[in-house]
file upload-v2.cif (mmCIF, C-alpha atoms (C1' of nucleotides))
data_work
#
loop_
_atom_site.label_atom_id
_atom_site.label_comp_id
_atom_site.auth_asym_id
_atom_site.auth_seq_id
_atom_site.Cartn_x
_atom_site.Cartn_y
_atom_site.Cartn_z
CA MET A 1 145.59 -224.38 -263.32
CA SER A 2 147.83 -225.43 -260.49
CA THR A 3 146.70 -227.97 -257.93
CA SER A 4 146.81 -225.44 -255.14
CA SER A 5 144.60 -222.99 -256.97
CA THR A 6 141.81 -225.47 -257.55
CA ALA A 7 141.95 -226.70 -253.96
CA PHE A 8 141.96 -223.18 -252.53
CA LYS A 9 139.07 -222.21 -254.73
CA ALA A 10 137.21 -225.41 -253.96
CA LEU A 11 137.33 -224.73 -250.24
CA GLY A 12 136.82 -221.00 -250.59
CA ASP A 13 133.10 -221.49 -251.07
CA SER A 14 131.11 -221.97 -247.89
CA THR A 15 128.59 -224.38 -249.39
CA ARG A 16 131.41 -226.61 -250.56
CA ARG A 17 133.05 -226.52 -247.16
CA ALA A 18 129.71 -227.52 -245.66
CA ILE A 19 129.61 -230.48 -248.03
CA PHE A 20 133.19 -231.38 -247.25
CA GLU A 21 132.49 -231.30 -243.54
CA LYS A 22 129.41 -233.45 -243.98
CA LEU A 23 131.53 -236.03 -245.74
CA GLN A 24 133.96 -236.00 -242.85
CA GLU A 25 131.40 -237.93 -240.83
CA ARG A 26 130.59 -240.58 -243.38
CA PRO A 27 130.30 -241.25 -247.11
CA LEU A 28 126.97 -240.06 -248.43
CA ALA A 29 124.76 -240.22 -251.50
CA VAL A 30 123.98 -236.98 -253.29
CA VAL A 31 120.43 -236.74 -251.93
CA ASP A 32 121.70 -237.12 -248.40
CA ILE A 33 124.33 -234.46 -248.94
CA ALA A 34 121.75 -232.06 -250.34
CA ASN A 35 119.37 -232.79 -247.49
CA GLY A 36 119.76 -230.04 -244.88
CA LEU A 37 121.72 -227.74 -247.14
CA HIS A 38 120.15 -224.49 -248.28
CA VAL A 39 120.68 -225.10 -251.99
CA SER A 40 119.05 -227.35 -254.56
CA ARG A 41 120.18 -230.86 -255.38
CA PRO A 42 121.61 -229.92 -258.81
CA ALA A 43 123.63 -227.17 -257.15
CA VAL A 44 125.11 -229.83 -254.88
CA SER A 45 125.96 -231.94 -257.92
CA GLN A 46 127.88 -229.01 -259.36
CA HIS A 47 129.76 -228.45 -256.13
CA LEU A 48 130.62 -232.13 -255.93
CA LYS A 49 132.12 -231.88 -259.37
CA VAL A 50 134.37 -229.04 -258.25
CA LEU A 51 135.47 -230.90 -255.13
CA LYS A 52 136.14 -234.01 -257.17
CA GLU A 53 138.27 -232.10 -259.66
CA ALA A 54 140.21 -230.64 -256.75
CA LYS A 55 140.87 -234.25 -255.72
CA LEU A 56 139.32 -233.66 -252.33
CA ILE A 57 136.60 -236.29 -252.72
CA THR A 58 135.96 -239.43 -254.74
CA LEU A 59 132.81 -241.23 -255.76
CA LYS A 60 131.77 -244.83 -256.13
CA THR A 61 128.58 -245.87 -257.84
CA VAL A 62 126.39 -248.39 -256.07
CA GLY A 63 123.37 -249.26 -258.13
CA ASN A 64 121.65 -246.00 -258.80
CA ASN A 65 123.41 -244.20 -255.99
CA ASN A 66 126.57 -242.13 -256.25
CA ILE A 67 128.31 -242.36 -252.93
CA TYR A 68 130.81 -239.59 -252.31
CA GLU A 69 133.57 -239.75 -249.75
CA LEU A 70 136.74 -237.91 -248.81
CA ASN A 71 139.81 -238.53 -250.93
CA ARG A 72 142.58 -239.37 -248.48
CA GLU A 73 145.36 -239.06 -251.09
CA GLY A 74 144.20 -235.66 -252.25
CA ILE A 75 143.77 -234.34 -248.74
CA LEU A 76 147.23 -235.53 -247.75
CA ALA A 77 148.70 -233.90 -250.84
CA MET A 78 146.97 -230.62 -250.06
CA ARG A 79 148.08 -230.74 -246.46
CA ASN A 80 151.68 -231.36 -247.48
CA TYR A 81 151.59 -228.57 -250.00
CA LEU A 82 150.21 -226.16 -247.43
CA ASP A 83 152.63 -227.28 -244.74
CA ARG A 84 155.49 -226.27 -246.99
CA PHE A 85 153.67 -223.13 -248.01
CA TRP A 86 153.31 -221.87 -244.43
CA GLU A 87 156.72 -223.19 -243.50
CA ASP A 88 158.36 -221.17 -246.26
CA ALA A 89 156.41 -218.07 -245.37
CA LEU A 90 157.23 -218.26 -241.68
CA MET A 91 160.86 -219.19 -242.19
CA ASN A 92 161.50 -216.26 -244.48
CA PHE A 93 159.70 -214.08 -242.02
CA LYS A 94 162.01 -215.23 -239.26
CA LYS A 95 165.15 -214.93 -241.36
CA LEU A 96 164.24 -211.39 -242.28
CA ALA A 97 163.60 -210.46 -238.68
CA GLU A 98 167.07 -211.69 -237.75
CA GLU A 99 168.75 -209.71 -240.50
CA THR A 100 166.91 -206.60 -239.46
CA GLU A 101 168.07 -207.22 -235.91
CA LYS A 102 171.68 -207.63 -237.02
CA ASN A 103 171.76 -204.33 -238.89
CA LYS A 104 170.77 -202.30 -235.89
CA MET B 1 132.23 -214.38 -243.11
CA SER B 2 134.43 -216.80 -241.23
CA THR B 3 138.18 -216.32 -241.10
CA SER B 4 138.82 -219.44 -243.10
CA SER B 5 136.58 -218.40 -245.95
CA THR B 6 138.29 -215.08 -246.49
CA ALA B 7 141.73 -216.68 -246.30
CA PHE B 8 140.82 -219.47 -248.70
CA LYS B 9 139.34 -216.99 -251.13
CA ALA B 10 142.28 -214.65 -250.75
CA LEU B 11 144.73 -217.35 -251.75
CA GLY B 12 142.46 -218.86 -254.37
CA ASP B 13 143.43 -216.13 -256.81
CA SER B 14 146.71 -216.69 -258.61
CA THR B 15 147.67 -213.03 -258.77
CA ARG B 16 147.24 -212.74 -255.02
CA ARG B 17 149.32 -215.84 -254.44
CA ALA B 18 152.00 -214.31 -256.63
CA ILE B 19 151.91 -211.21 -254.44
CA PHE B 20 151.99 -213.29 -251.29
CA GLU B 21 155.00 -215.22 -252.54
CA LYS B 22 156.79 -212.02 -253.47
CA LEU B 23 156.30 -210.78 -249.94
CA GLN B 24 157.81 -213.98 -248.61
CA GLU B 25 161.20 -212.70 -249.74
CA ARG B 26 160.97 -209.25 -248.25
CA PRO B 27 158.58 -206.43 -247.38
CA LEU B 28 157.85 -204.31 -250.42
CA ALA B 29 156.23 -201.05 -251.46
CA VAL B 30 153.24 -201.23 -253.76
CA VAL B 31 155.18 -200.14 -256.85
CA ASP B 32 157.73 -202.85 -256.27
CA ILE B 33 155.05 -205.46 -255.82
CA ALA B 34 153.34 -204.39 -259.03
CA ASN B 35 156.64 -204.40 -260.89
CA GLY B 36 156.94 -207.66 -262.80
CA LEU B 37 153.32 -208.65 -262.33
CA HIS B 38 151.02 -208.76 -265.33
CA VAL B 39 148.37 -206.47 -263.89
CA SER B 40 148.15 -202.75 -263.30
CA ARG B 41 149.23 -201.04 -260.13
CA PRO B 42 145.68 -200.22 -258.96
CA ALA B 43 144.78 -203.90 -259.42
CA VAL B 44 147.61 -204.72 -257.06
CA SER B 45 146.26 -202.22 -254.54
CA GLN B 46 142.92 -203.98 -254.64
CA HIS B 47 144.51 -207.37 -254.14
CA LEU B 48 146.53 -206.04 -251.23
CA LYS B 49 143.32 -204.90 -249.62
CA VAL B 50 141.89 -208.42 -249.87
CA LEU B 51 145.03 -210.00 -248.43
CA LYS B 52 145.05 -207.48 -245.64
CA GLU B 53 141.43 -208.18 -244.75
CA ALA B 54 142.26 -211.88 -244.69
CA LYS B 55 144.93 -210.97 -242.14
CA LEU B 56 147.64 -212.49 -244.29
CA ILE B 57 149.62 -209.27 -244.66
CA THR B 58 150.05 -205.98 -242.83
CA LEU B 59 151.21 -202.58 -243.91
CA LYS B 60 153.27 -199.83 -242.44
CA THR B 61 153.46 -196.38 -243.91
CA VAL B 62 156.90 -194.85 -244.35
CA GLY B 63 156.69 -191.35 -245.73
CA ASN B 64 154.80 -191.69 -248.96
CA ASN B 65 155.39 -195.41 -249.22
CA ASN B 66 153.14 -198.19 -248.04
CA ILE B 67 155.32 -201.12 -247.17
CA TYR B 68 153.49 -204.42 -247.09
CA GLU B 69 154.75 -207.52 -245.35
CA LEU B 70 153.50 -210.93 -244.24
CA ASN B 71 151.35 -211.06 -241.14
CA ARG B 72 152.91 -213.73 -238.96
CA GLU B 73 149.93 -213.89 -236.58
CA GLY B 74 147.43 -214.36 -239.37
CA ILE B 75 149.50 -216.98 -241.13
CA LEU B 76 149.94 -218.93 -237.91
CA ALA B 77 146.21 -218.77 -237.27
CA MET B 78 145.44 -220.03 -240.74
CA ARG B 79 147.97 -222.82 -240.45
CA ASN B 80 146.52 -223.90 -237.12
CA TYR B 81 143.01 -223.85 -238.47
CA LEU B 82 144.03 -225.96 -241.44
CA ASP B 83 146.03 -228.36 -239.32
CA ARG B 84 142.93 -229.16 -237.35
CA PHE B 85 140.85 -229.22 -240.50
CA TRP B 86 142.99 -231.90 -242.16
CA GLU B 87 143.45 -233.69 -238.88
CA ASP B 88 139.70 -234.03 -238.40
CA ALA B 89 139.17 -235.14 -241.96
CA LEU B 90 141.87 -237.77 -241.86
CA MET B 91 140.97 -239.01 -238.40
CA ASN B 92 137.35 -239.54 -239.34
CA PHE B 93 138.50 -241.20 -242.49
CA LYS B 94 140.60 -243.62 -240.48
CA LYS B 95 137.89 -244.26 -237.91
CA LEU B 96 135.42 -245.07 -240.62
CA ALA B 97 137.83 -247.44 -242.31
CA GLU B 98 138.25 -249.32 -239.05
CA GLU B 99 134.51 -249.63 -238.51
CA THR B 100 134.06 -250.91 -242.02
CA GLU B 101 136.79 -253.43 -241.34
CA LYS B 102 135.13 -254.57 -238.11
CA ASN B 103 131.78 -255.20 -239.79
CA LYS B 104 133.19 -257.59 -242.32
"C1'" DA C 1 106.04 -252.79 -268.63
"C1'" DC C 2 105.26 -248.84 -265.66
"C1'" DT C 3 106.56 -246.01 -262.19
"C1'" DT C 4 109.50 -244.05 -258.87
"C1'" DA C 5 113.99 -242.51 -257.15
"C1'" DC C 6 118.58 -240.90 -258.09
"C1'" DG C 7 121.67 -237.79 -260.15
"C1'" DG C 8 124.27 -235.49 -264.01
"C1'" DT C 9 123.92 -231.70 -267.35
"C1'" DA C 10 122.08 -227.75 -270.18
"C1'" DA C 11 120.28 -223.07 -270.29
"C1'" DG C 12 119.61 -218.89 -268.26
"C1'" DC C 13 120.29 -215.28 -264.75
"C1'" DA C 14 121.89 -212.18 -261.07
"C1'" DA C 15 125.74 -211.26 -258.20
"C1'" DA C 16 130.58 -211.32 -257.47
"C1'" DC C 17 135.07 -210.78 -259.27
"C1'" DA C 18 139.32 -209.20 -261.55
"C1'" DC C 19 140.58 -206.01 -264.26
"C1'" DT C 20 141.00 -201.22 -266.56
"C1'" DT C 21 141.32 -195.93 -266.80
"C1'" DA C 22 140.60 -191.68 -264.46
"C1'" DC C 23 140.94 -189.10 -260.47
"C1'" DA C 24 142.29 -187.33 -255.80
"C1'" DA C 25 145.26 -187.02 -251.79
"C1'" DT C 26 149.62 -186.85 -249.65
"C1'" DA C 27 154.61 -186.61 -249.12
"C1'" DA C 28 159.17 -185.93 -251.03
"C1'" DT C 29 162.05 -183.23 -254.46
"C1'" DT C 30 163.56 -179.19 -256.80
"C1'" DA D 1 155.57 -172.88 -254.62
"C1'" DA D 2 155.55 -176.10 -258.35
"C1'" DT D 3 156.44 -180.69 -259.70
"C1'" DT D 4 156.99 -185.48 -259.26
"C1'" DA D 5 156.24 -189.97 -257.13
"C1'" DT D 6 153.36 -193.05 -254.48
"C1'" DT D 7 149.07 -194.90 -253.39
"C1'" DG D 8 144.07 -195.56 -252.57
"C1'" DT D 9 139.49 -195.29 -254.53
"C1'" DA D 10 135.62 -194.57 -257.84
"C1'" DA D 11 133.40 -195.90 -262.04
"C1'" DG D 12 132.83 -198.93 -265.72
"C1'" DT D 13 133.31 -203.50 -268.14
"C1'" DG D 14 133.76 -208.34 -269.44
"C1'" DT D 15 134.14 -212.83 -267.30
"C1'" DT D 16 133.32 -216.17 -263.81
"C1'" DT D 17 130.54 -218.10 -260.37
"C1'" DG D 18 126.69 -220.01 -257.77
"C1'" DC D 19 122.29 -220.67 -258.23
"C1'" DT D 20 117.69 -222.01 -260.34
"C1'" DT D 21 114.40 -224.78 -263.34
"C1'" DA D 22 113.92 -228.07 -266.89
"C1'" DC D 23 115.28 -232.13 -268.84
"C1'" DC D 24 117.30 -236.75 -269.72
"C1'" DG D 25 119.27 -241.32 -268.65
"C1'" DT D 26 119.62 -245.20 -265.68
"C1'" DA D 27 118.56 -248.53 -262.06
"C1'" DA D 28 115.34 -250.47 -258.69
"C1'" DG D 29 110.56 -251.52 -257.05
"C1'" DT D 30 105.83 -252.82 -258.10
#

call {"tool": "encode", "arguments": {"input": "upload-v2.cif", "output": "structure tokens"}}
result
Amino acid sequence: MSTSSTAFKALGDSTRRAIFEKLQERPLAVVDIANGLHVSRPAVSQHLKVLKEAKLITLKTVGNNNIYELNREGILAMRNYLDRFWEDALMNFKKLAEETEKNK
Amino acid sequence: MSTSSTAFKALGDSTRRAIFEKLQERPLAVVDIANGLHVSRPAVSQHLKVLKEAKLITLKTVGNNNIYELNREGILAMRNYLDRFWEDALMNFKKLAEETEKNK
DNA sequence: ACTTACGGTAAGCAAACACTTACAATAATT
DNA sequence: AATTATTGTAAGTGTTTGCTTACCGTAAGT
């Protein structure tokens, strides 16, 4: 599957966006991520896997703790992809509007 | 559901992104959108409904044709939302890196 | 050594999703 | 008026998804 698809899908789920936003504040262990969320700890583990595969977060193991944090590279890549995506969409939109104007 | 969720989900499906990208070139009737895609025409109708509800496209009826086109407003809104989203993520990332550096 | 805490994964389940075919409504064509 | 073309929607189906509980491995604390 394309990079964009996995990233879109990863952030399309509200629980995963909640996790992502939690990690914006600081890197956290799985228990701390799960704490306060409305789903079980294993569910969080599964979501973390999805976010990791979408390259939006990374993990480093410290002793028995898995500390997750945002993946700067992945986020930059996604932002760049989307910038072009919107850019293309809006540019074509503009171009088309001009042509329509011309043919009046 | 929040605006961002519906938009993320809308673009998380590859068929819908294919439709969206087709509409980047020009406004199209449903038959023309379905033409060349690997799914049936009613499936396309359903996808169009999702994209419309995500405010990514609009439609205008011309006789018996429903012409769909990109929704500039919605796309701009989504882009702005995401700009801030990435901005926040990256800024916090940077801030945290600096604090970690300071406490060395 | 034993226990406790952390966290990934397997199995199972209900809800959501992406599709299909069948149908109905409307507008253009003849 | 009858037919054809365009489109949305309903009903049904298989797959995917998001969740749960149960379980297992590993590392730290006692």

call {"tool": "interface_residues", "arguments": {"input": "upload-v2.cif", "of": "chain D", "to": "chain A", "cutoff": "9 Å", "atoms": "all atoms listed in the file", "output": "number ranges by chain"}}
result
D: 18-20, 26-28

call {"tool": "closest_atom_pairs", "arguments": {"input": "upload-v2.cif", "of": "chain C", "to": "chain B", "cutoff": "9 Å", "atoms": "all atoms listed in the file", "output": "tab-separated table"}}
result
residue	atom	partner	partner_atom	distance
C:DA18	C1'	B:Ala43	CA	7.9
C:DC19	C1'	B:Ala43	CA	6.7
C:DT20	C1'	B:Ser40	CA	8.0
C:DT26	C1'	B:Asn64	CA	7.1
C:DA27	C1'	B:Asn64	CA	5.1
C:DA28	C1'	B:Asn64	CA	7.5

call {"tool": "atom_distance", "arguments": {"input": "upload-v2.cif", "atom1": "CA of Phe93 (chain A)", "atom2": "CA of Arg72 (chain B)"}}
result
7.5 Å

call {"tool": "closest_residue", "arguments": {"input": "upload-v2.cif", "among": "B:His38, B:Lys55, B:Arg79, B:Arg16", "to": "chain A", "atoms": "all atoms listed in the file"}}
result
B:Arg79

call {"tool": "residues_around", "arguments": {"input": "upload-v2.cif", "residues": "DT30 (chain D)", "least_positions_apart": "4", "cutoff": "10 Å", "atoms": "all atoms listed in the file", "output": "ChimeraX atom specification"}}
result
/C:2-4

call {"tool": "decode", "arguments": {"input": "upload-v2.cif", "residues": "region 4-28 of chain D", "atoms": "C-alpha atoms (C1' of nucleotides)", "output": "CSV table (one decimal), in the first residue's frame"}}
result
chain,number,residue,atom,x,y,z
D,4,DT,C1',-33.0,5.5,-23.3
D,5,DA,C1',-29.5,7.5,-20.3
D,6,DT,C1',-28.1,9.1,-15.8
D,7,DT,C1',-28.0,8.7,-11.0
D,8,DG,C1',-29.2,7.7,-6.1
D,9,DT,C1',-30.6,4.2,-2.8
D,10,DA,C1',-31.9,-0.3,-0.7
D,11,DA,C1',-30.6,-4.9,0.4
D,12,DG,C1',-27.3,-8.4,0.9
D,13,DT,C1',-22.5,-10.2,1.4
D,14,DG,C1',-17.6,-10.9,2.4
D,15,DT,C1',-13.7,-8.5,4.5
D,16,DT,C1',-11.6,-5.3,7.5
D,17,DT,C1',-11.3,-3.0,11.7
D,18,DG,C1',-11.3,-1.8,16.6
D,19,DC,C1',-12.1,-3.8,20.6
D,20,DT,C1',-11.9,-7.3,24.4
D,21,DT,C1',-9.9,-11.1,27.4
D,22,DA,C1',-6.4,-14.4,28.0
D,23,DC,C1',-1.8,-15.5,27.7
D,24,DC,C1',3.3,-15.3,27.4
D,25,DG,C1',8.0,-13.3,27.7
D,26,DT,C1',11.2,-10.2,29.7
D,27,DA,C1',13.2,-7.0,33.0
D,28,DA,C1',13.3,-4.9,37.6
